[in-house]
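Data block below; observations after.
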Amino acid sequence: MNQYFATVARGLESIAAKELERLGARDVRPDFTGVHFSGDRTLMYRVNLLARTIFRVLVILKEFPCPDAKILYQEIQNIRWEHYLQPNNSLAVNATGGNSKLNHNHFTALQVKNAIIDQQRQKFGQRSSVNTENPDILINVHIHQNHCILSLDSSGASLHRRGYRPAMGLAPLKETLAAALLELAEWDATIPLLDPMCGSGTIPLEASLNALNIAPGLFRKRFGFEGWQDFDQTLWEELIEEAKNYKLPALKAPITGSDRNSDILNQACINAKQCGVEQMVKFTQTELSTLEPITDNGIIICNPPYGERLGNVRELGDLYKLLGDVFKQRFKGWTAFILTGNKELAKRVGLKAAHRIPVYNGSIPCTFLKYELY
Ligand SMILES: C[S@@+](CC[C@H](N)C(=O)[O-])C[C@H]1O[C@@H](n2cnc3c(N)ncnc32)[C@H](O)[C@@H]1O
């Protein structure tokens, strides 16, 4: 049984914990920007392949008191690194957190790397090279107060990089956040879904993958654990085959995205093609003021521009008012959700929110607002 830590966006810890439990994780315990869990190697492979809401799965190697750089170096040297990598394997070290003596992540990472390659030089007369782009072994060192957690990153590149999205709109949501919003909205595949400001299509695409039981990891070229000495290729191929067999042939309810911008919509269509759902999800060019429902009820999820990255906050007030008017006048029987990072703009919607959920979009504190429309 290994100890794992799944890293997640701030605010999504309990959503990720529920997902990990569904995937068979044991001892699941949400923490700040992550979830602790335990399980075997099969579970770790499966989580990397199937989880929709998490960034990375870290395999915890060691935890120790770590007040300063000297102790960090010694503790790293006490590990027999030949169990994990040979001099012909490349490595990279990511450092996060910090304390008063280890307050520079680049320096902390350098200490760890030096301790490993010094050991290799002593034992083998050779050392691993550093490859920050595509290392065989990605090491994660997290310092909090006087405590260090040393892990191997089994994911490699963050899992929000599904591999199906070459084309991105101006302010795309991370795929992991889009998947989490669907969970927070308690959407399921039997409920029609609409994103009237879909941009590059992240919300409808993540909904389609979920509804069709398509594993998000199937589009990725590589996971971190594939470069490890203990990589079990046969087991991994079995899990991929198993995931492919779970794919469903059709949607149970319509999933649609619209946007006024034809160039961005074109990107959404390219992305849909990349993940093989272009026949399932519908994207249409529609200006919000002319939007009409295609079913009697359903769930709307959208993230309108909120001025941090796109548009002018004053002009956007009119857009939020229009959103509220369209919801109220044409979408009776629906439930609508708006993700926004601007509370003043949210007030312009002019509807009473039934629920407000705090979430982070990258480093931007946002609110996910729920409106019951009747
Ligand atoms: C923040 S982006 C959405 C990003 C999207 N969730 C993604 O992941 O790519 C907001 C989108 O709203 C669209 N938009 C703005 N005003 C609109 C309007 N009046 N009618 C329709 N779409 C509009 C923009 O074209 C933009 O693509």
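Following the order of the structure tokens, first chain is A, next is B, and so on, with residues numbered from 1 inside each chain and ligands from 1 in the order they appear.
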Per DSSP on the backbone, filter range 133-344 of chain A down to the residues in helix (DSSP H, G or I) and report them as a ChimeraX atom specification. /A:175-184,202-211,216-219,224-227,233-245,262-274,288-290,313-330,343-344
Which residues come within 8 Å of Asn361 in chain A, counting only C-alpha atoms, excluding same-chain residues fewer than 2 positions away, as a list in words?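 Selected residues are Ala9, Leu173, Leu177, Val359, Ser363, Ile364, Pro365 and Cys366 of chain A.
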Output of the above residues as a JSON list (two decimals), in the first residue's frame, restricted to N, CA and C atoms:
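Generated output (result.json):
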```json
[["chain", "number", "residue", "atom", "x", "y", "z"],
["A", 9, "ALA", "N", -6.88, 22.15, -7.50],
["A", 9, "ALA", "CA", -7.04, 23.60, -7.37],
["A", 9, "ALA", "C", -7.70, 23.91, -6.03],
["A", 173, "LEU", "N", -10.90, 27.84, -19.59],
["A", 173, "LEU", "CA", -10.86, 27.22, -18.27],
["A", 173, "LEU", "C", -9.93, 26.03, -18.33],
["A", 177, "LEU", "N", -10.95, 22.18, -13.92],
["A", 177, "LEU", "CA", -11.94, 23.07, -13.29],
["A", 177, "LEU", "C", -13.31, 22.88, -13.96],
["A", 359, "VAL", "N", -14.63, 29.17, -5.50],
["A", 359, "VAL", "CA", -13.64, 28.32, -6.18],
["A", 359, "VAL", "C", -12.54, 29.22, -6.73],
["A", 363, "SER", "N", -5.18, 31.59, -10.04],
["A", 363, "SER", "CA", -4.95, 32.31, -8.78],
["A", 363, "SER", "C", -6.10, 33.28, -8.48],
["A", 364, "ILE", "N", -7.14, 33.29, -9.33],
["A", 364, "ILE", "CA", -8.22, 34.27, -9.16],
["A", 364, "ILE", "C", -9.33, 33.69, -8.28],
["A", 365, "PRO", "N", -9.62, 34.32, -7.14],
["A", 365, "PRO", "CA", -10.74, 33.84, -6.33],
["A", 365, "PRO", "C", -12.05, 34.14, -7.05],
["A", 366, "CYS", "N", -12.87, 33.13, -7.23],
["A", 366, "CYS", "CA", -14.13, 33.27, -7.99],
["A", 366, "CYS", "C", -15.30, 32.76, -7.16]]
```
What does the list of residues within 7 Å of ligand 1 look like if you count only C-alpha atoms and all ligand atoms, written as JSON, numbers by chain? {"A": [168, 169, 170, 171, 172, 173, 174, 196, 197, 198, 199, 200, 201, 202, 203, 258, 259, 260, 261, 264, 286, 287, 288, 289, 302, 303, 304, 305, 319]}
Nearest to Glu278 in chain A: which of A:Leu152, A:Leu43, A:Leu251, A:Leu58 is it, counting only C-alpha atoms? A:Leu251
Name the residues in contact with range 108-111 of chain A at a cut-off of 7 Å, using only C-alpha atoms, excluding same-chain residues fewer than 6 positions from it; report them as a ChimeraX atom specification. /A:69,73,93-95,102
Go ahead and write the selection's residues with N, CA and C atoms as a PDB file, in the first residue's frame.
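Output contents, as saved in part.pdb:
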```pdb
ATOM      1  N   ALA A  69      18.724  23.905   4.794  1.00  0.00           N
ATOM      2  CA  ALA A  69      19.246  23.273   3.578  1.00  0.00           C
ATOM      3  C   ALA A  69      20.181  22.104   3.895  1.00  0.00           C
ATOM      4  N   TYR A  73      19.656  18.297   2.538  1.00  0.00           N
ATOM      5  CA  TYR A  73      20.678  17.582   1.755  1.00  0.00           C
ATOM      6  C   TYR A  73      20.962  16.203   2.369  1.00  0.00           C
ATOM      7  N   VAL A  93      13.530  18.365 -10.572  1.00  0.00           N
ATOM      8  CA  VAL A  93      12.999  18.538  -9.208  1.00  0.00           C
ATOM      9  C   VAL A  93      12.113  19.789  -9.188  1.00  0.00           C
ATOM     10  N   ASN A  94      10.894  19.612  -8.661  1.00  0.00           N
ATOM     11  CA  ASN A  94       9.963  20.736  -8.441  1.00  0.00           C
ATOM     12  C   ASN A  94       9.907  20.997  -6.960  1.00  0.00           C
ATOM     13  N   ALA A  95      10.113  22.242  -6.534  1.00  0.00           N
ATOM     14  CA  ALA A  95       9.981  22.549  -5.107  1.00  0.00           C
ATOM     15  C   ALA A  95       8.796  23.484  -4.911  1.00  0.00           C
ATOM     16  N   LEU A 102      14.484  28.011   3.983  1.00  0.00           N
ATOM     17  CA  LEU A 102      14.340  27.462   2.617  1.00  0.00           C
ATOM     18  C   LEU A 102      13.210  28.236   1.941  1.00  0.00           C
TER      19      LEU A 102
END
```
Would you kindly return, as a PDB file with C-alpha atoms, in the first residue's frame, each protein, DNA or RNA residue with an atom no farther than 9 Å from any atom of Leu184 in chain A, considering only C-alpha atoms and excluding same-chain residues fewer than 3 positions away?
```
ATOM      1  CA  ILE A  15     -14.970  17.323  -5.033  1.00  0.00           C
ATOM      2  CA  ALA A 179     -14.990  18.920 -14.855  1.00  0.00           C
ATOM      3  CA  ALA A 180     -15.268  20.064 -11.228  1.00  0.00           C
ATOM      4  CA  LEU A 181     -17.906  22.707 -12.086  1.00  0.00           C
ATOM      5  CA  TRP A 187     -25.078  17.703 -13.428  1.00  0.00           C
ATOM      6  CA  ILE A 357     -19.654  28.335  -4.005  1.00  0.00           C
ATOM      7  CA  PHE A 368     -19.815  29.775  -8.719  1.00  0.00           C
TER       8      PHE A 368
END
```
Applying 12 Å and only C-alpha atoms, which residues near Thr234 in chain A remain after dropping the ones on its own chain fewer than 6 positions away? List them as a PyMOL selection string. chain A and resi 42+45+226+240-241
Write to file, as a PDB file, in the first residue's frame, the residues of the selection just made, with N, CA and C atoms.
```
ATOM      1  N   THR A  42      -1.882  -0.215  -9.102  1.00  0.00           N
ATOM      2  CA  THR A  42      -2.980  -0.243 -10.080  1.00  0.00           C
ATOM      3  C   THR A  42      -3.881   0.972  -9.876  1.00  0.00           C
ATOM      4  N   TYR A  45      -2.206   4.097 -11.303  1.00  0.00           N
ATOM      5  CA  TYR A  45      -2.332   4.158 -12.775  1.00  0.00           C
ATOM      6  C   TYR A  45      -3.767   4.566 -13.146  1.00  0.00           C
ATOM      7  N   GLU A 226       5.591   6.313 -16.598  1.00  0.00           N
ATOM      8  CA  GLU A 226       6.087   5.504 -17.724  1.00  0.00           C
ATOM      9  C   GLU A 226       7.610   5.528 -17.816  1.00  0.00           C
ATOM     10  N   ILE A 240      -5.768   0.580 -20.021  1.00  0.00           N
ATOM     11  CA  ILE A 240      -6.195   1.405 -21.163  1.00  0.00           C
ATOM     12  C   ILE A 240      -7.291   0.676 -21.941  1.00  0.00           C
ATOM     13  N   GLU A 241      -7.093  -0.634 -22.167  1.00  0.00           N
ATOM     14  CA  GLU A 241      -8.118  -1.422 -22.882  1.00  0.00           C
ATOM     15  C   GLU A 241      -9.430  -1.401 -22.117  1.00  0.00           C
TER      16      GLU A 241
END
```
Hey, what's within 12 Å of Arg22 in chain A if we count only C-alpha atoms and toss same-chain stuff fewer than 6 positions away? As a list in words, please? Ile15, Ala16, Val28, Leu43, Arg46, Val47, Leu50, Ala51 and Arg52 of chain A
Enumerate, as a list in words, the complete set of residues in range 203-305 of chain A that a backbone-based DSSP assignment places in strand (DSSP E).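 Across range 203-305 of chain A, those assigned strand (DSSP E) are Ile255, Thr256, Gly257, Ser258, Asp259, Lys282, Phe283, Thr284, Gln285, Ile299, Ile300, Ile301 and Cys302 of chain A.
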Could you tell me which of A:Cys148, A:Met44, A:Gly24, A:Ile255 comes closest to Trp236 in chain A if we count only C-alpha atoms? A:Met44
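You can rank A:Ala92, A:Val35, A:Ala346, A:Ile137 by their closest distance to Ser154 in chain A using only C-alpha atoms, and at the top of that list sits A:Ile137.
Separating CA of Thr295 in chain A from CA of Thr367 in chain A is a distance of 26.9 Å.
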What lies within 12 Å of Tyr374 in chain A using only C-alpha atoms, ignoring chain neighbours under 2 positions off, as a count of residues only? 16
Given the choices A:His106, A:Lys113, A:His147, A:Arg10, which gets closest to Phe55 in chain A if the distance is worked out from only C-alpha atoms?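 Among the listed residues, A:Arg10 lies closest to Phe55 in chain A.
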Expressed in Å to a single decimal, how great is the separation between CA of Tyr246 in chain A and CA of Leu218 in chain A?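 Here the two named atoms are 12.1 Å from each other.
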A:Ile191, A:Ala17, A:Ala272, A:Leu239: which is nearest Lys252 in chain A, counting only C-alpha atoms? A:Ile191
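Nearest to Phe5 in chain A of all the residues A:Val326, A:Ile214, A:Ile54, A:Leu291 is A:Ile54, based on only C-alpha atoms.
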So how many Å separate CA of Asn134 in chain A and CA of Gly163 in chain A, to one decimal?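 CA of Gly163 in chain A lies at a distance of 15.2 Å from CA of Asn134 in chain A.
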